[in-house]
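Student: File name input02.txt; file contents compact mmCIF, C-alpha atoms and all ligand atoms; full text below.
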# COMPACT_ATOMS: atom_id res chain seq x y z
CA MET Q 1 186.06 87.53 166.88
CA LYS Q 2 183.22 86.03 164.90
CA LYS Q 3 179.86 85.72 166.59
CA ARG Q 4 178.83 82.14 167.29
CA VAL Q 5 175.54 81.04 165.75
CA ALA Q 6 173.44 78.03 166.81
CA ILE Q 7 170.65 77.02 164.43
CA LEU Q 8 167.63 75.05 165.65
CA ILE Q 9 165.69 72.99 163.11
CA SER Q 10 162.95 70.37 162.95
CA GLY Q 11 162.86 69.40 159.28
CA GLY Q 12 164.60 69.68 155.96
CA GLY Q 13 166.70 72.58 157.07
CA SER Q 14 166.75 74.56 153.84
CA ASN Q 15 166.83 77.84 155.77
CA MET Q 16 169.63 76.44 157.93
CA VAL Q 17 171.61 75.62 154.77
CA ALA Q 18 171.05 79.14 153.43
CA LEU Q 19 172.22 80.63 156.73
CA ALA Q 20 175.25 78.35 156.99
CA ARG Q 21 176.31 78.99 153.38
CA SER Q 22 176.03 82.73 153.90
CA MET Q 23 178.54 82.65 156.75
CA ASP Q 24 181.65 82.71 154.57
CA ALA Q 25 185.15 83.81 155.52
CA GLY Q 26 184.34 87.54 155.55
CA HIS Q 27 181.11 87.13 157.54
CA PRO Q 28 180.85 88.50 161.09
CA ALA Q 29 179.40 85.19 162.33
CA GLU Q 30 179.99 81.45 162.08
CA ALA Q 31 177.73 78.42 162.53
CA VAL Q 32 178.84 76.43 165.57
CA LEU Q 33 175.87 74.12 166.15
CA VAL Q 34 172.83 72.75 164.33
CA LEU Q 35 170.39 71.13 166.75
CA SER Q 36 167.17 69.31 165.89
CA ASN Q 37 164.36 68.09 168.12
CA ASN Q 38 163.49 65.56 165.42
CA PRO Q 39 165.79 62.56 164.81
CA ASP Q 40 164.50 62.32 161.23
CA ALA Q 41 165.27 65.94 160.33
CA GLY Q 42 166.99 65.92 156.95
CA GLY Q 43 168.84 69.06 157.93
CA LEU Q 44 171.06 67.17 160.38
CA ALA Q 45 172.90 65.30 157.62
CA LYS Q 46 173.14 68.49 155.54
CA ALA Q 47 174.75 70.31 158.46
CA ALA Q 48 177.18 67.46 159.09
CA ASP Q 49 178.11 67.50 155.38
CA MET Q 50 178.95 71.18 155.77
CA GLY Q 51 181.23 70.35 158.69
CA ILE Q 52 178.98 71.89 161.35
CA GLN Q 53 178.62 70.21 164.74
CA THR Q 54 175.17 68.64 165.07
CA SER Q 55 173.06 67.58 168.01
CA MET Q 56 169.73 65.83 168.31
CA LEU Q 57 167.39 66.27 171.27
CA ASP Q 58 164.20 64.29 170.70
CA HIS Q 59 161.31 66.07 172.45
CA ARG Q 60 159.09 62.97 172.54
CA PRO Q 61 160.56 61.26 175.63
CA PHE Q 62 159.83 64.52 177.49
CA LYS Q 63 156.08 64.40 176.71
CA GLY Q 64 154.20 66.31 179.42
CA ASN Q 65 157.39 67.82 180.81
CA ARG Q 66 158.33 70.77 178.66
CA ALA Q 67 160.55 72.17 181.42
CA ALA Q 68 162.75 69.06 181.35
CA PHE Q 69 163.08 69.25 177.54
CA GLU Q 70 163.98 72.91 177.71
CA SER Q 71 166.48 72.28 180.48
CA GLU Q 72 168.33 69.82 178.18
CA LEU Q 73 168.02 72.24 175.28
CA HIS Q 74 169.44 75.02 177.41
CA ALA Q 75 172.38 72.81 178.44
CA ALA Q 76 173.12 71.89 174.81
CA LEU Q 77 173.09 75.55 173.85
CA LEU Q 78 175.25 76.60 176.77
CA ALA Q 79 177.83 74.03 175.69
CA ALA Q 80 177.95 75.68 172.25
CA ASN Q 81 178.11 79.15 173.81
CA PRO Q 82 176.20 80.94 171.03
CA ASP Q 83 175.96 84.71 170.64
CA ILE Q 84 173.00 84.26 168.29
CA ILE Q 85 170.37 81.50 168.06
CA CYS Q 86 168.46 81.17 164.79
CA LEU Q 87 165.20 79.25 164.85
CA ALA Q 88 164.90 77.90 161.31
CA GLY Q 89 161.78 75.79 160.99
CA PHE Q 90 162.04 74.77 164.66
CA MET Q 91 158.52 73.56 165.32
CA ARG Q 92 158.45 73.53 169.12
CA ILE Q 93 156.82 76.29 171.12
CA LEU Q 94 159.29 77.62 173.68
CA THR Q 95 158.17 78.80 177.11
CA PRO Q 96 158.65 82.40 178.27
CA GLU Q 97 161.04 81.06 180.94
CA PHE Q 98 163.32 79.52 178.30
CA ILE Q 99 163.09 82.51 175.98
CA ALA Q 100 164.03 84.86 178.84
CA LYS Q 101 167.35 83.03 179.12
CA TRP Q 102 168.25 83.88 175.52
CA GLU Q 103 166.16 86.97 174.82
CA GLY Q 104 167.89 89.49 172.62
CA LYS Q 105 169.95 86.74 171.00
CA MET Q 106 167.23 84.66 169.38
CA LEU Q 107 165.80 85.12 165.86
CA ASN Q 108 163.01 83.28 164.06
CA ILE Q 109 161.72 83.08 160.51
CA HIS Q 110 157.97 82.84 160.09
CA PRO Q 111 156.19 82.22 156.76
CA SER Q 112 153.78 85.15 156.80
CA ILE Q 113 153.76 88.92 156.78
CA LEU Q 114 153.61 89.33 160.54
CA PRO Q 115 151.65 90.40 162.50
CA LEU Q 116 149.26 88.59 160.15
CA PHE Q 117 148.92 84.84 160.49
CA THR Q 118 150.92 83.88 163.55
CA GLY Q 119 151.05 80.14 164.22
CA LEU Q 120 150.45 77.39 161.68
CA HIS Q 121 148.96 76.99 158.17
CA THR Q 122 150.01 80.46 157.13
CA HIS Q 123 149.85 79.89 153.35
CA GLN Q 124 146.26 78.60 153.42
CA ARG Q 125 145.22 81.38 155.80
CA ALA Q 126 146.69 84.01 153.48
CA LEU Q 127 144.66 82.51 150.62
CA ASP Q 128 141.49 82.28 152.73
CA ALA Q 129 141.89 85.95 153.69
CA GLY Q 130 142.03 86.93 150.01
CA MET Q 131 145.50 88.43 150.35
CA ALA Q 132 147.05 89.93 147.20
CA VAL Q 133 150.50 89.49 148.69
CA HIS Q 134 152.11 86.95 150.99
CA GLY Q 135 155.53 86.80 152.54
CA CYS Q 136 157.86 85.90 155.35
CA THR Q 137 159.24 87.69 158.37
CA VAL Q 138 162.39 87.44 160.45
CA HIS Q 139 161.88 88.76 163.95
CA ARG Q 140 163.47 88.74 167.35
CA VAL Q 141 161.97 86.08 169.60
CA THR Q 142 160.09 87.29 172.63
CA ALA Q 143 157.63 85.53 174.93
CA GLU Q 144 154.79 86.41 172.56
CA LEU Q 145 154.44 83.72 169.85
CA ASP Q 146 155.64 85.16 166.51
CA GLY Q 147 155.30 88.58 168.11
CA GLY Q 148 158.82 89.96 168.62
CA PRO Q 149 160.25 93.03 166.89
CA ILE Q 150 160.39 92.67 163.11
CA LEU Q 151 163.88 92.75 161.58
CA GLY Q 152 163.00 92.09 157.95
CA GLN Q 153 160.26 91.00 155.58
CA ALA Q 154 160.05 89.60 152.06
CA VAL Q 155 156.92 89.84 149.93
CA ILE Q 156 155.60 87.82 146.98
CA PRO Q 157 152.42 88.29 144.95
CA VAL Q 158 149.52 85.87 145.33
CA GLU Q 159 148.45 84.76 141.88
CA GLY Q 160 145.06 83.50 140.71
CA GLY Q 161 144.80 79.75 141.19
CA ASP Q 162 147.60 79.60 143.76
CA THR Q 163 147.36 76.78 146.25
CA ALA Q 164 148.96 76.77 149.69
CA ASP Q 165 151.67 74.51 148.27
CA ASP Q 166 152.31 76.94 145.39
CA LEU Q 167 152.78 79.77 147.87
CA ALA Q 168 155.10 77.67 150.04
CA VAL Q 169 157.24 76.76 147.02
CA ARG Q 170 157.47 80.36 145.77
CA LEU Q 171 158.09 81.78 149.23
CA LEU Q 172 160.92 79.47 150.26
CA PRO Q 173 163.59 81.04 147.98
CA MET Q 174 162.66 84.42 149.45
CA GLU Q 175 163.12 83.00 152.95
CA HIS Q 176 166.57 81.84 151.84
CA ARG Q 177 167.44 85.42 150.83
CA LEU Q 178 165.81 87.18 153.77
CA TYR Q 179 167.16 85.19 156.70
CA PRO Q 180 170.86 85.47 155.74
CA ALA Q 181 170.42 89.20 154.99
CA VAL Q 182 168.91 89.78 158.44
CA LEU Q 183 171.47 87.59 160.19
CA ARG Q 184 174.34 89.54 158.66
CA LYS Q 185 172.92 92.85 159.85
CA PHE Q 186 172.08 91.44 163.27
CA ALA Q 187 175.63 90.13 163.67
CA ASP Q 188 176.89 93.60 162.71
CA ASN Q 189 174.58 95.26 165.29
CA ASP Q 190 172.79 97.00 162.42
CA ASP Q 191 169.09 97.26 163.32
CA THR Q 192 167.86 98.66 160.00
CA LYS Q 193 165.14 96.47 158.54
CA VAL Q 194 165.62 94.26 155.47
CA VAL Q 195 162.88 94.55 152.82
CA LEU Q 196 162.76 92.25 149.80
CA PHE Q 197 160.28 92.04 146.93
CA SER Q 198 160.24 89.10 144.51
C1 LIG N 201 160.03 77.41 156.60
O1 LIG N 201 159.06 77.72 155.62
C2 LIG N 201 159.86 78.31 157.81
O2 LIG N 201 159.44 79.61 157.50
C3 LIG N 201 158.76 77.56 158.56
O3 LIG N 201 159.09 76.20 158.43
C4 LIG N 201 159.76 76.01 157.17
C5 LIG N 201 161.05 75.26 157.43
O4 LIG N 201 161.66 74.86 156.23
N1 LIG N 201 158.72 77.97 159.92
C6 LIG N 201 157.60 78.00 160.64
O5 LIG N 201 156.52 77.67 160.20
C7 LIG N 201 157.78 78.47 162.07
N2 LIG N 201 156.52 78.66 162.70
P1 LIG N 201 163.19 74.43 156.22
O6 LIG N 201 163.34 73.31 157.27
O7 LIG N 201 163.40 73.89 154.84
O8 LIG N 201 164.00 75.62 156.54
What is this structure when it is put down as structure tokens?
Ligand code: GAR

Tutor:
Amino acid sequence: MKKRVAILISGGGSNMVALARSMDAGHPAEAVLVLSNNPDAGGLAKAADMGIQTSMLDHRPFKGNRAAFESELHAALLAANPDIICLAGFMRILTPEFIAKWEGKMLNIHPSILPLFTGLHTHQRALDAGMAVHGCTVHRVTAELDGGPILGQAVIPVEGGDTADDLAVRLLPMEHRLYPAVLRKFADNDDTKVVLFS
């Protein structure tokens, strides 16, 4: 039986597309749901084009009531019955209470070499810190923001004159290699780390 994968997005969904494409016939997992908190997320149409069930749960009507938003999110996920949840550019902070319900099953990709640069603006912060390398990390999601056990990392060089946008553009293809590689191992219960260099 293939493992069921739900992918949560907020934007263009390029990591979602990379994950979904990787789950071919011989893969131990299949994409069963792509859910966005943002009605304008370009990834929703891309998922629908790939024949994946989509769902949209706008967080804005829940302003000030995160528990109510997460309750709906939990219900949507339960309906899809996922074995694995991949956060792929999902830009909502989840509460420890919600994470506890899915802990051990939830992965995230973060655009930095964790534990450096948790949170936002990672590319600019890597430049400001004078880093010679930058990268991305896939980790298990725990209650600590961007702090769960690391499952894989990809590294790129920082070049003279790089801007934050340059780093984002050069890093994204590495994200698209790393996340599917980690997902495949995770679905196979293989906990060896994935390491990629550009
Ligand atoms: C990716 O760069 C991902 O690493 C980042 O958002 C982008 C989503 O792009 N995630 C975070 O910053 C999470 N804190 P995509 O929608 O094209 O996959």

Student: With all atoms listed in the file as the atoms that count, which of Q:His134, Q:Lys3, Q:Lys46, Q:His121 lies nearest to ligand LIG 201 (chain N)?

Tutor: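 Among the listed residues, the smallest separation from ligand LIG 201 (chain N) belongs to Q:His121.
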
Student: Could you list, as a list in words, all protein and nucleic acid residues with an atom at most 6 Å from ligand LIG 201 (chain N), counting only C-alpha atoms and all ligand atoms?

Tutor: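 Sorted by chain and then by number, the residues are Gly11, Gly12, Gly13, Ser14, Asn15, Met16, Ala88, Gly89, Met91, Ile109, His110, Pro111, Gly119 and Leu172 of chain Q.
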
Student: Write a file of the just-selected residues containing C-alpha atoms, as a PDB file, in the frame of the given file.

Tutor:
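Result file follows (part27.pdb):
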ATOM      1  CA  GLY Q  11     162.860  69.400 159.280  1.00  0.00           C
ATOM      2  CA  GLY Q  12     164.600  69.680 155.960  1.00  0.00           C
ATOM      3  CA  GLY Q  13     166.700  72.580 157.070  1.00  0.00           C
ATOM      4  CA  SER Q  14     166.750  74.560 153.840  1.00  0.00           C
ATOM      5  CA  ASN Q  15     166.830  77.840 155.770  1.00  0.00           C
ATOM      6  CA  MET Q  16     169.630  76.440 157.930  1.00  0.00           C
ATOM      7  CA  ALA Q  88     164.900  77.900 161.310  1.00  0.00           C
ATOM      8  CA  GLY Q  89     161.780  75.790 160.990  1.00  0.00           C
ATOM      9  CA  MET Q  91     158.520  73.560 165.320  1.00  0.00           C
ATOM     10  CA  ILE Q 109     161.720  83.080 160.510  1.00  0.00           C
ATOM     11  CA  HIS Q 110     157.970  82.840 160.090  1.00  0.00           C
ATOM     12  CA  PRO Q 111     156.190  82.220 156.760  1.00  0.00           C
ATOM     13  CA  GLY Q 119     151.050  80.140 164.220  1.00  0.00           C
ATOM     14  CA  LEU Q 172     160.920  79.470 150.260  1.00  0.00           C
TER      15      LEU Q 172
END

Student: Which is closer to Val17 of chain Q than all the others in Q:Cys136, Q:Asn37, Q:Ala164, Q:Arg177, using all atoms listed in the file?

Tutor: Q:Arg177

Student: Would you mind telling me which residue in Q:Cys86, Q:Ile93, Q:Leu107, Q:Met50 lies nearest to Phe69 of chain Q when using only C-alpha atoms?

Tutor: Q:Ile93

Student: Using all atoms listed in the file, which of the listed residues (Q:Lys101, Q:Arg66, Q:Arg21, Q:Arg60) sits closest to Val141 of chain Q?

Tutor: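 Of Q:Lys101, Q:Arg66, Q:Arg21, Q:Arg60, the one nearest Val141 of chain Q is Q:Lys101, counting all atoms listed in the file.
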
Student: Please report the interatomic distance between atom CA of Arg92 of chain Q and atom CA of Val34 of chain Q in Å with one decimal.

Tutor: 15.2 Å

Student: By how many Å are atom CA of Asp83 of chain Q and atom CA of Glu175 of chain Q apart?

Tutor: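 Atom-to-atom, atom CA of Asp83 of chain Q to atom CA of Glu175 of chain Q, that is 21.9 Å.
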
Student: Could you please determine the separation between atom CA of Val158 of chain Q and atom CA of Met131 of chain Q in Å, to one decimal place?

Tutor: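 So the two atoms, atom CA of Val158 of chain Q and atom CA of Met131 of chain Q, lie 6.9 Å apart.
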